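The next block holds one structure in the form of structure tokens; read it before the comments.
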Amino acid sequence: MNKSQRRVLAPIALAASVSLSALALATPGHAEDTIKIGVIAEAQAVAGSSIPQAAQLAADEINAAGGVNGKKVEIISYDDHSTAPEAVRAFQRAVNEDHVNAVIASYISEVVLALEPWTGRLKTVMVTPGAASDVITQNIAKDYDNLKYTFHGYLTSTSLADEVCAAAKDLLVDNLHMKSAVVMSEDAAWTTPLDAEYLNCLPKIGLNVVDHVRFSPDTTDFTPIFNKIEGEKPDVMITGISHVGVQPTVQWKQQEVPIPMFGVSSQATNSSFWNDTNGAVEGVLYQGVSGPGVAVTPKTLPFVAAFKAKYGNNPSYCGYTAYDEVYYLVDAMKRAGSTDSDKLVDALEKTDYVGTIGRVQFKGKDSPNPHALKVGSDTITGLMLQWQDGKQVNLWPAKVANGKLKFPPFIKLGSAD
Amino acid sequence: MFWQILIDGFAISSLYALGATGFALIFGVSGVLNLSHGALMVAAVVAAWAAGNDLHAGPYTGALLGVGVGLAASLLTYFVVVQPLQRTRKIREEEKEIFILTATLLWGIMIQQLIAYLYTDNAKTVAPIVEGVVSIAGVRTPANEIFTAIVCWLVIALLWLLVNRTRAGKAVLAASMNPRGVTLLGIELSQIYIAVWAIYGLLVGIAGVLLGMFLGVSSYSVGPLTASAFSIVVLGGLGSVSGALIAAYVVGYLETITAYLISPAYRTIPALLLLVAVMYVRPRGLLGRR
């Protein structure tokens with residue numbers, strides 16, 4: 001039903017946005033003296049809404065500081081409702097009608113994968129602030145000349161899994177002596193490489209994987225899933241959830257499932273998640289690239305403060321990356337001395353920019369994942385946070401930790417006792 | 001496993017029963033298939049959630065507000081969407097059903113998009129009134145699940161008393177059997193319609209808030225919720241409230257058994273296959289009259 005509803009609404013939305021962009025074009029002073037960045041994201045999702053907002057914030061700051069070589073930066077945003085067809089139409093419109101110089105697009109891997117061939121066909125640079133699938137960059141390796149215009153501005157699923165394993169080693173294995181885990185992920189493009197790497201790296205850190213559960217993102221009742229997992233008596237559930245979040249979390253608490261949740265839980269990164277779950281998220285551990293009060297770099301906290309002052313809420317994880325992306329796109333345009341896409345690609349490949357989540361550098365042409373972010377202690381490490389009493393507390397890595405591991409009473413730590 | 005399925009299936013089936021009862025009632029009395037059903041339920045959940053979140057209301061106040069919004073949204077649906085179409089002379093009588101069907105579908109989409117616009121399409125849950133777990137036959141059951149089943153049955157029992165034991169209720173029952181006969185007895189049909197939509201609104205509000213406490217919903221749930229009420233009502237027999245109750249348990253248990261014994265991913269499939277089979281063998285549904 002949902003898809004057909006969207007089909008009904010799409011022409012209306014299209015007509016409305018076409019007339020709006022026509023208005024924008026009619027406004028004088030937009031011809032050659034602006035740098036245009038298109039932003040394609042779903043405005044009705046918590047994660048997506050931060051993308052155009054953060055991009056606009058970065059543009060405002062750049063413009064207030066005099067712009068780029070005298071040119072103003074203009075953000076043009078398009079709502080794709082997180083569907084591939086609408087995103088592709090938006091991309092075509094952005095390039096052909098609005099003549100943008102680069103595009104920042106989506107946090108949904110399926111959508112980014114659909115856009116990827118279009119970056120080559122329309123020779124326009126695209127950076128994604130939130131998609132994770134490794135296939136995005138694997139595609140670039142296979143067809144570099146065509147797909148070199150795509151950049152992966154967020155961690156790949158494999159990197160996410162590796163970071164979860166690194167944190168689990170310190171927090172769960174060394175600290176709590178846990179021995180076994182069940183991998184529990186939603187069935188989506190981004191979790192295929194995530195789960196593969198979980199199954200690879202968890203045994204290496206000493207967590208024996210007793211089961212691997214993949215469930216449909218349409219699942220509303222998680223009771224049977226939790227039940228099955230509980231029967232297998234693992235010490236921890238390693239999660240890979242993003243499309244879902246509220247429902248498994250609330251039901252975990254309501255059923256008092258005695259096993260901790262630890263891993264990637266994208267919705268838990270949103271500051272509104274405590275309210276969305278009525279506090280059921282207490283004790284959930286999740287991987288993040290940022291956290292309240294965690295000064296990952298000197299730019300992190302000023303960005304959060306400016307975002308909050310302007311929009312009244314905290315940015316989602318893709319807000320941080322979208323904000324950085326505007327800065328390093330503009331930086332690359334400066335270094336290239338041009339907005340020509342091929343020159344821009346060359347300049348972006350040499351990016352060395354300290355942003356809000358760490359130091360941004362892209363993997364090179366010869367890597368199996370060209371244009372993926374480099375990860376590691378000198379670039380981006382990510383964090384492991386836990387919801388405690390309504391606050392997101394960072395536990396890992398130790399040098400930026402601001403709290404200690406703490407579980408709600410219904411959690412029974414198995415082998416730790 | 002047996003007890004687990006029995007207990008979980010009962011809670012979810014009771015919730016289905018409550019949701020589908022109102023849907024069946026509206027169709028029985030006024031012949032309206034209200035395809036904005038899911039949207040009204042989600043509106044009630046989001047209102048209850050927003051009351052707790054934005055207005056810092058307690059769980060009881062939040063739940064009451066949610067039910068209130070369900071009632072208001074139902075009456076609004078009747079007065080803005082259904083009644084003008086029922087009364088207009090521009091549409092031929094025999095075409096009105098399909099016009100109302102389409103209008104309620106569109107109305108549902110409008111509500112869904114409005115909710116997504118105002119509160120995002122991320123899932124929302126209502127703060128539960130009772131927390132904690134109790135052990136039934138060795139199954140750790142959330143107290144909220146038991147609460148849900150009890151409230152559903154209390155409300156259904158009250159509805160039964162209302163329909164069978166009060167004068168107004170008997171008029172509603174009579175209208176569902178023979179609308180023309182009721183008008184000949186000097187009862188205003190339009191009054192009955194308003195009463196039925198008000199009852200429906202309360203049922204939708206209560207079912208929505210309970211669902212919000214139990215599983216949680218998002219604006220994406222609008223379609224599936226309408227579809228599940230629709231298939232339960234068709235399975236039970238269009239217009240038959242008792243048929244809808246039985247069908248709710250058939251569907252609820254079939255889904256639960258599938259989720260536990262096969263896979264949660266295939267949860268809804270056997271119930272839909274059953275629906276197709278019933279359509280072939282007994283098109284009027286289990287207890288259908290028409």
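Identifiers in this document derive from the order of the structure tokens: chains are assigned A, B, ..., residues are numbered from 1 separately in each chain, and ligands are numbered from 1 in order of occurrence.
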Compile a residue-level contact table for chain A against chain B at a cut-off of 6 Å, reporting for every qualifying residue the shortest atom pair and its distance in Å to one decimal, with only C-alpha atoms counted, rows ordered by chain and ascending number, as a Markdown table.
```
| residue | atom | partner | partner_atom | distance |
| --- | --- | --- | --- | --- |
| A:Met1 | CA | B:Gly223 | CA | 5.3 |
| A:Gln44 | CA | B:Thr120 | CA | 4.5 |
| A:Ala45 | CA | B:Thr120 | CA | 5.0 |
| A:Ser216 | CA | B:Ala265 | CA | 5.5 |
| A:Pro224 | CA | B:Tyr260 | CA | 5.5 |
| A:Val246 | CA | B:Ala123 | CA | 5.8 |
| A:Gln247 | CA | B:Gly216 | CA | 5.9 |
| A:Gln254 | CA | B:Pro142 | CA | 5.9 |
| A:Gln255 | CA | B:Pro142 | CA | 5.3 |
| A:Asp276 | CA | B:Lys124 | CA | 5.4 |
| A:Thr277 | CA | B:Thr125 | CA | 6.0 |
| A:Asn278 | CA | B:Ala127 | CA | 5.7 |
```
Return as an MDAnalysis selection string the full set of residues in region 79-282 of chain A whose backbone-based DSSP assignment is alpha helix (DSSP H).
chainID A and resid 84:96 109:121 135:142 144:147 157:168 175:176 191:205 223:231 246:254 273:276
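For region 91-101 of chain B, the list of residues within 12 Å, based on only C-alpha atoms and with local chain neighbours fewer than 2 positions off taken out, reads Phe27, Ser30, Gly31, Val32, Leu33, Asn34, Leu35, Ser36, His37, Thr77, Tyr78, Val80, Val81, Val82, Gln83, Pro84, Leu85, Gln86, Arg87, Thr88, Arg89, Ala103, Thr104, Leu105, Leu106, Trp107 and Gly108 of chain B.
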Serialized selection, N, CA and C atoms, as an mmCIF file, in the first residue's frame:
```cif
data_model
loop_
_atom_site.group_PDB
_atom_site.id
_atom_site.type_symbol
_atom_site.label_atom_id
_atom_site.label_comp_id
_atom_site.auth_asym_id
_atom_site.auth_seq_id
_atom_site.Cartn_x
_atom_site.Cartn_y
_atom_site.Cartn_z
ATOM 1 N N PHE B 27 -19.078 -0.902 8.675
ATOM 2 C CA PHE B 27 -19.543 -1.464 7.412
ATOM 3 C C PHE B 27 -20.949 -2.020 7.565
ATOM 4 N N SER B 30 -23.410 1.289 8.061
ATOM 5 C CA SER B 30 -23.535 2.318 7.031
ATOM 6 C C SER B 30 -22.984 1.878 5.678
ATOM 7 N N GLY B 31 -22.494 0.648 5.579
ATOM 8 C CA GLY B 31 -21.992 0.159 4.295
ATOM 9 C C GLY B 31 -20.707 0.832 3.862
ATOM 10 N N VAL B 32 -20.014 1.484 4.814
ATOM 11 C CA VAL B 32 -18.781 2.187 4.449
ATOM 12 C C VAL B 32 -17.581 1.296 4.765
ATOM 13 N N LEU B 33 -16.730 1.054 3.755
ATOM 14 C CA LEU B 33 -15.449 0.393 4.006
ATOM 15 C C LEU B 33 -14.444 1.515 4.230
ATOM 16 N N ASN B 34 -14.091 1.726 5.483
ATOM 17 C CA ASN B 34 -13.265 2.882 5.817
ATOM 18 C C ASN B 34 -11.782 2.565 5.664
ATOM 19 N N LEU B 35 -11.218 2.943 4.528
ATOM 20 C CA LEU B 35 -9.810 2.622 4.273
ATOM 21 C C LEU B 35 -8.843 3.593 4.954
ATOM 22 N N SER B 36 -9.375 4.548 5.718
ATOM 23 C CA SER B 36 -8.468 5.391 6.515
ATOM 24 C C SER B 36 -8.293 4.805 7.918
ATOM 25 N N HIS B 37 -8.781 3.579 8.113
ATOM 26 C CA HIS B 37 -8.723 2.911 9.420
ATOM 27 C C HIS B 37 -7.324 2.958 10.056
ATOM 28 N N THR B 77 -13.592 12.325 10.049
ATOM 29 C CA THR B 77 -13.672 11.508 8.829
ATOM 30 C C THR B 77 -15.117 11.430 8.358
ATOM 31 N N TYR B 78 -16.024 11.207 9.306
ATOM 32 C CA TYR B 78 -17.434 11.086 8.926
ATOM 33 C C TYR B 78 -17.955 12.399 8.348
ATOM 34 N N VAL B 80 -16.355 15.193 7.289
ATOM 35 C CA VAL B 80 -15.644 15.839 6.183
ATOM 36 C C VAL B 80 -15.631 14.963 4.931
ATOM 37 N N VAL B 81 -15.498 13.659 5.123
ATOM 38 C CA VAL B 81 -15.281 12.791 3.963
ATOM 39 C C VAL B 81 -16.526 11.984 3.593
ATOM 40 N N VAL B 82 -17.122 11.336 4.587
ATOM 41 C CA VAL B 82 -18.166 10.352 4.283
ATOM 42 C C VAL B 82 -19.535 11.001 4.076
ATOM 43 N N GLN B 83 -19.955 11.825 5.037
ATOM 44 C CA GLN B 83 -21.305 12.391 4.971
ATOM 45 C C GLN B 83 -21.567 13.208 3.701
ATOM 46 N N PRO B 84 -20.652 14.116 3.308
ATOM 47 C CA PRO B 84 -20.920 14.880 2.075
ATOM 48 C C PRO B 84 -21.119 13.974 0.862
ATOM 49 N N LEU B 85 -20.378 12.874 0.801
ATOM 50 C CA LEU B 85 -20.519 11.962 -0.334
ATOM 51 C C LEU B 85 -21.834 11.184 -0.254
ATOM 52 N N GLN B 86 -22.237 10.853 0.982
ATOM 53 C CA GLN B 86 -23.503 10.122 1.139
ATOM 54 C C GLN B 86 -24.688 10.991 0.734
ATOM 55 N N ARG B 87 -24.550 12.308 0.967
ATOM 56 C CA ARG B 87 -25.696 13.194 0.756
ATOM 57 C C ARG B 87 -25.766 13.794 -0.642
ATOM 58 N N THR B 88 -24.624 13.831 -1.324
ATOM 59 C CA THR B 88 -24.612 14.552 -2.593
ATOM 60 C C THR B 88 -25.533 13.896 -3.618
ATOM 61 N N ARG B 89 -26.089 14.736 -4.504
ATOM 62 C CA ARG B 89 -26.928 14.212 -5.580
ATOM 63 C C ARG B 89 -26.140 14.131 -6.882
ATOM 64 N N ALA B 103 -12.368 7.897 -1.377
ATOM 65 C CA ALA B 103 -12.176 9.103 -0.570
ATOM 66 C C ALA B 103 -11.521 8.765 0.762
ATOM 67 N N THR B 104 -11.959 7.649 1.392
ATOM 68 C CA THR B 104 -11.350 7.314 2.685
ATOM 69 C C THR B 104 -9.900 6.879 2.496
ATOM 70 N N LEU B 105 -9.611 6.224 1.376
ATOM 71 C CA LEU B 105 -8.219 5.828 1.101
ATOM 72 C C LEU B 105 -7.338 7.071 0.998
ATOM 73 N N LEU B 106 -7.822 8.050 0.222
ATOM 74 C CA LEU B 106 -7.082 9.296 0.023
ATOM 75 C C LEU B 106 -6.929 10.052 1.343
ATOM 76 N N TRP B 107 -7.995 10.076 2.105
ATOM 77 C CA TRP B 107 -8.000 10.720 3.420
ATOM 78 C C TRP B 107 -6.941 10.085 4.325
ATOM 79 N N GLY B 108 -6.873 8.757 4.265
ATOM 80 C CA GLY B 108 -5.872 8.035 5.051
ATOM 81 C C GLY B 108 -4.459 8.433 4.655
#
```
Please identify the strand (DSSP E) residues within region 286-415 of chain A (assignment by DSSP from backbone atoms) and present them as a CSV table (one decimal) with C-alpha atoms, in the first residue's frame.
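Wrote it out as states-v7.csv, contents follow:
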```csv
chain,number,residue,atom,x,y,z
A,286,TYR,CA,25.6,1.4,19.9
A,287,GLN,CA,28.4,2.3,17.6
A,288,GLY,CA,28.5,6.0,16.7
A,353,TYR,CA,40.4,17.4,6.2
A,354,VAL,CA,39.8,17.3,9.9
A,359,ARG,CA,40.3,13.1,9.9
A,360,VAL,CA,38.8,12.6,6.5
A,383,LEU,CA,32.8,5.5,19.3
A,384,MET,CA,30.8,3.0,21.4
A,385,LEU,CA,28.1,4.7,23.4
A,386,GLN,CA,25.5,3.6,25.8
A,387,TRP,CA,22.1,5.2,26.7
A,388,GLN,CA,22.1,5.9,30.5
A,391,LYS,CA,21.8,10.5,28.1
A,392,GLN,CA,24.2,9.1,25.5
A,393,VAL,CA,27.4,8.3,27.3
A,394,ASN,CA,30.6,7.4,25.5
A,395,LEU,CA,32.4,4.4,26.7
A,396,TRP,CA,35.0,3.7,24.0
```
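Atom pair CA of Val250 (chain A) / CA of Pro315 (chain A) has a distance of 22.7 Å (rounded to one decimal).
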Can you pull out the residues contacting Gly283 (chain A)? Cut-off 10 Å, using only C-alpha atoms, and skip same-chain residues under 4 positions away; I want them as a list of chain:residue names.
A:Lys253, A:Pro260, A:Met261, A:Phe262, A:Gly279, A:Leu385, A:Gln386, A:Trp387, A:Gln388, A:Asp389, A:Gly390, A:Gln392, A:Leu405, A:Lys406, A:Phe407, A:Pro408, A:Pro409, A:Ile411
